[in-house]
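Chemist: I'd like to ask you about the structure that follows.
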Amino acid sequence: MKIFGRKKDKEPKAEEATYEIFGGLTIKRDPSGYEIMWRSPNVTTIKVHSMPVISQEVQFKQEGDVTHILTTECKLKLVTKEGKMEAYISKI
């Protein structure tokens with residue numbers, strides 16, 4: 001029986017990161033999931049496991065495996081839980 005030591009968390013905590021994106025972004029499907037790209041002022045790329053959830057007020061255009069977000073001021077929220085990253089896109 002262990003008397004001293006740290007108690008292990010039963011549920012891992014979800015980590016969140018939020019980005020404000022000005023100028024739109026592109027979502028591209030690839031074999032391992034989805035790739036999100038935008039300029040900030042350099043090209044930034046993030047890979048997620050599932051299609052990002054796009055809010056209703058965000059305008060977008062679908063062209064095959066590529067989705068262009070047309071809304072110029074967006075908030076990208078990344079949530080990592082259980083080793084998988086999910087993305088949520090909404091208007092600022």
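Scheme for the structure tokens: letters A, B, ... for chains in order shown; per-chain residue numbers from 1; ligand numbers from 1 in order shown.
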Any idea what's packed within 10 Å of region 36-45 of chain A, counting only C-alpha atoms, ignoring anything in its chain fewer than 5 positions away? Could you give it as a ChimeraX atom specification?
Modeler: /A:19-29,51-52,66-69,76,87
Chemist: Could you please write out, as a PyMOL selection string, every residue of chain A that DSSP assigns to strand (DSSP E)?
Modeler: chain A and resi 15-22+25-30+33-39+43-48+53-54+60-63+66-69+73-81+84-91
Chemist: Name all residues at most 7 Å from Met85 (chain A) (count only C-alpha atoms; drop same-chain ones fewer than 5 positions away) and give them as a PyMOL selection string.
Modeler: chain A and resi 48-49+78-80
Chemist: One decimal, in Å: what's the spacing between CA of Phe60 (chain A) and CA of Lys77 (chain A)?
Modeler: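 That distance, rounded to one decimal, is 17.1 Å.
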Chemist: For the atom pair CA of Lys84 (chain A) and CA of Val53 (chain A), what is the interatomic distance in Å to one decimal place?
Modeler: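 If I compute the distance from CA of Lys84 (chain A) to CA of Val53 (chain A), I get 14.5 Å.
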Chemist: Could you check the closest approach to Ser55 (chain A) for each of A:Ile89, A:Lys75, A:Tyr34, A:Leu70 and tell me which residue wins, using only C-alpha atoms?
Modeler: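 Result for the nearest residue to Ser55 (chain A): A:Ile89.
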Chemist: Would you mind telling me which residue in A:Ala17, A:Glu82, A:Asp30, A:Ser90 lies nearest to Asp65 (chain A) when using only C-alpha atoms?
Modeler: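 Checking each candidate against Asp65 (chain A), we get A:Asp30 as the closest.
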